[in-house]
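Peer 1: Can you keep this structure in mind? I'll have questions shortly.
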Amino acid sequence: MTGFYARLRQTRSDSDELAACIERVVNQLEDVDTTGDRPGMLLGKIQSGKTRGFVGAIARAFDRDFDIALVLTKGTKTLSAQTVARLSADFAEFIDEDEMIVLDIMRLPGKLTRSELKRKIVIVAKKQAQNLDRLIEFMEAHADLQKRKVLLIDDEADLASVRFVRKRGQQAIEQGAIAEKMDDLRRMVEGIAFLQVTATPYSLYLQPEGYEAANSGGNFVFKPKKPAFTELLPIHGGYVGGDDYFGGHDADDPRHHLIVTVSDLEQDALRRPDKRRIHPNSVLDSPNTVGLRRAIITFVLAACVRRWQQHEAGERKRKYAMIIHNDTQKAAHAWQDQVIEWISEAILDHAENDPETLRPLFDAAYDDLATSVSADKGRMPPRQEAFELLIDALQSDDVVRETVNSDKDVMALLDTQAELKLRTPFNIYVGGNILDRGITIPNLIAFYYGRNPRTMQADTVLQHSRMYGNRPRPDLVTRFYTSQGVYDRLFTINGFENALREAFETGAHDRGVVFIQTDPLQRVRPCAPNKVMLSSVVPVRPNGMVLPTGFQTIRGRAMAAAQAKIDALIDPRWINAAGFAELDRARAIEIIDAIQETMKFDDTEFEWDAMRGLIDYYSDVREGGDGNLVVLAETGRRLTKAGSGDKSGRSILGTALRSTVMDPGRSKPALVLLQQEGTKEQGWNGHKFWWPILAAPADVEPCIFATKVAA
């Protein structure tokens with residue numbers, strides 16, 4: 001009979017790249033000794049098909065004399081149910097032929113028969129004490145199973161968070177209780193292989209043992225705590241991820257238009273009931289609902305546009321989803337649901353009684369979406385037809401919303417595949433953490449996100465990113481609504497992930513990653529990776545850029561004096577030159593110090609110390625540094641304040657200058673100084689000003705600058 005994976009691959013139409021990855025994983029699980037300290041690692045991206053990968057690995061392992069697969073999921077009923085449903089669907093043929101059984105450890109069907117115990121067995125358990133106790137009891141009760149080859153899969157694994165915990169009031173870091181139970185499982189079985197599946201490469205660096213001793217001599221480069229092996233899951237061509245949202249794109253790219261900034265005042269007004277800030281009688285006019293009502297109208301219209309496009313192309317019309325994830329608290333969800341109900345009722349009242357009064361909201365949404373559709377070379381329905389589609393959608397009562405903030409709520413909303421079931425063409429989900437824990441939300445095209453950036457951690461935030469995944473490119477017509485502060489943190493986290501992932505993908509992790517900080521005297525020194533606070537880093541990749549955004553300039557005499565000081569520091573030979581000139585680091589830092597005095601920030605402060613520290617490191621501290629940078633300066637720039645938020649620096653540099661700065665042969669850090677006209681018509685304060693951009697050398701290790709570290 002044909003092997004398990006060969007049949008599964010045919011059913012799923014796995015690509016050659018995925019099949020090869022699965023084969024390499026299983027080969028190494030057989031050939032390499034995997035332990036809790038050195039597991040095998042399958043490294044993917046958020047919503048990138050990791051489940052598909054490890055399900056394939058189970059099937060191929062069963063071809064190679066493994067008999068049991070124990071799958072440990074994150075600790076929610078929904079993800080556990082989703083995993084059981086996925087395994088049952090993918091393995092349906094084998095289950096029907098009595099070759100395999102798939103079990104939920106908390107819902108065992110009574111005593112298993114001898115014939116069932118002879119089949120290939122897959123057991124799903126949450127990483128939760130009661131689940132793992134039941135799993136241990138099951139294995140203890142079936143001594144024969146302990147002699148069979150077992151594959152233990154830790155899904156959504158994070159070596160930093162699962163293996164090590166710090167007890168309150170104690171300095172010592174001890175092994176976590178869940179990890180201990182996983183160790184108990186491994187000790188029970190004679191032949192067991194251990195595979196962790198994760199989307200967080202930084203977990204390989206942020207571990208508490210051995211770093212400071214290994215680097216006490218002042219070495220700046222840290223290498224990852226390697227698993228027994230690491231396999232990178234191939235990313236399919238339809239994947240939409242962090243680079244699509246936070247990668248920095250030119251205006252003719254549809255992704256340039258994905259981010260919509262929402263005010264902090266609005267998101268704060270949605271956190272607790274207060275009719276002084278949001279009242280049902282003024283919900284379509286209140287400044288505290290501008291972003292939310294725009295998001296709702298644009299979502300409904302975007303779904304109408306996509307369905308129109310599908311109809312025109314002779315395709316099946318799809319249903320779509322939107323998430324509003326502003327808080328973790330249920331009281332906040334109830335208030336947000338109330339506000340959305342007021343907005344929906346007000347819009348519906350206008351749609352039924354006087355549709356033309358919705359024309360301004362419609363026109364703004366239509367023009368907004370047309371920008372993306374045009375950039376994507378797509379087609380928009382005629383304006384009047386689109387308006388009629390929107391009104392019909394509203395009048396048909398097809399815009400539904402669900403509050404999702406407990407496992408019970410989610411379980412009631414899942415379909416047969418344990419994914420959120422889309423009831424109508426327009427589905428709005430309001431909720432908190434339950435929506436981020438691995439649950440799949442089909443056809444998600446709009447996300448209103450307002451979690452407090454001061455408490456963000458990278459692994460948590462990446463799990464919030466439900467908009468990532470296999471998405472048709474035309475679905476990127478809608479928007480990600482968030483505050484500038486949240487966007488800045490998300491941008492940083494995406495950069496942090498990319499810097500480390502790139503090291504793995506290129507094999508550069510063998511050279512390591514630089515972790516640095518500054519001491520009280522502003523001198524650069526190594527920072528042990530396990531001390532890094534993931535919410536307080538500035539990541540820089542080779543040829544990556546660091547620059548201030550989200551600022552306004554100061555005014556009057558203070559500005560004139562500051563500009564005169566900067567002008568005196570800038571050599572006229574640098575200005576509008578054909579290429580780079582040399583600059584010593586002391587003068588570069590003088591320029592940065594002077595420019596810092598000219599800028600004030602709307603929301604999140606720029607980390608000037610990081611820019612200075614990176615100048616020190618790249619020009620002087622790292623091996624090969626001679627104390628110099630390269631520099632160029634351009635005048636006559638006319639960027640508007642509204643267009644100045646690209647934290648990647650790509651669109652701010654412009655195409656011609658970008659090619660110069662991104663030269664792969666550049667071995668020194670580059671300081672680029674762009675003098676903006678700064679007129680009031682452009683949104684600035686009416687003064688010319690210099691804007692600094694620091695670009696890392698092209699041939700360096702990824703660098704993580706820690707702005708704060710754990711004690």
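Each chain of the structure tokens is named A, B, ... in the order shown, its residues numbered from 1; ligands are numbered from 1 in display order.
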Would you mind listing what lies within 6 Å of segment 38-55 of chain A as a ChimeraX atom specification, with only C-alpha atoms counted and same-chain residues fewer than 2 positions away left out?

Peer 2: /A:34-36,57-58,194-199,227-233,468-469

Peer 1: If I take atom CA of Ile22 of chain A and atom CA of Asp37 of chain A, how far is one from the other in Å, to one decimal?

Peer 2: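 We find that atom CA of Ile22 of chain A and atom CA of Asp37 of chain A lie 22.1 Å from each other.
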
Peer 1: Apply DSSP to the structure's backbone, then extract all residues of segment 103-315 of chain A labelled strand (DSSP E) and return them as an NGL selection string.

Peer 2: :A and (103-104 or 120-126 or 149-154 or 164-166 or 173-175 or 191-198 or 221-222 or 229-232 or 239-240 or 259-261)

Peer 1: Please identify all polymer residues within 7 Å of Gly636 of chain A, counting only C-alpha atoms, omitting same-chain residues fewer than 3 positions from it, and present them as number ranges by chain.

Peer 2: A: 675-677

Peer 1: I need the chosen residues saved as a CSV table (one decimal), in the first residue's frame, with N, CA and C atoms.

Peer 2:
chain,number,residue,atom,x,y,z
A,675,GLN,N,17.5,67.8,3.6
A,675,GLN,CA,16.9,69.1,4.1
A,675,GLN,C,15.6,69.3,3.5
A,676,GLN,N,14.6,69.4,4.3
A,676,GLN,CA,13.2,69.5,3.9
A,676,GLN,C,12.8,71.0,3.9
A,677,GLU,N,12.0,71.4,2.9
A,677,GLU,CA,11.5,72.8,2.8
A,677,GLU,C,10.7,73.2,4.1

Peer 1: Atom CA of Val537 of chain A and atom CA of Glu497 of chain A, how far apart in Å?

Peer 2: 11.3 Å

Peer 1: Neighbouring residues of Gly665 of chain A were defined as those with any atom within 10 Å, considering only C-alpha atoms; residues of the same chain fewer than 4 positions away were excluded. Please report them as number ranges by chain.

Peer 2: A: 661, 697-699

Peer 1: Skipping near chain neighbours, those fewer than 3 positions away, what residues fall within 9 Å of Val538 of chain A using only C-alpha atoms, listed as a PyMOL selection string?

Peer 2: chain A and resi 492-493+495-496+546+607+610+703-707

Peer 1: Please give the complete set of residues from segment 233-319 of chain A that DSSP, run on the backbone, assigns to helix (DSSP H, G or I), formatted as a PyMOL selection string.

Peer 2: chain A and resi 242-246+254-257+264-269+280-282+287-312

Peer 1: Counting only C-alpha atoms, figure out which residue out of A:Trp342, A:Phe299, A:Tyr320, A:Phe91 gets nearest to Ile441 of chain A.

Peer 2: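 Using only C-alpha atoms, Ile441 of chain A sits closest to A:Tyr320.
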
Peer 1: Got a sec: who's within 7 Å of segment 259-267 of chain A, counting only C-alpha atoms, leaving out chain neighbours fewer than 4 positions off, as a list in words?

Peer 2: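 Those residues are Arg271, Asn288, Thr289, Gly291, Gly450, Arg479, Phe480, Tyr481, Thr482, Ser483 and Gln484 of chain A.
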
Peer 1: Pick from A:Arg612, A:Arg638, A:Arg7, A:Arg523: nearest to Pro692 of chain A, with only C-alpha atoms counted?

Peer 2: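 Answer, going by the shortest atom-to-atom distance: A:Arg612.
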
Peer 1: Report as a VMD selection string all protein, DNA and RNA residues lying within 12 Å of Leu389 of chain A, evaluated on only C-alpha atoms, omitting residues in the same chain fewer than 4 positions from it.

Peer 2: chain A and resid 300 to 308 351 355 362 366 381 to 385 393 to 396 398
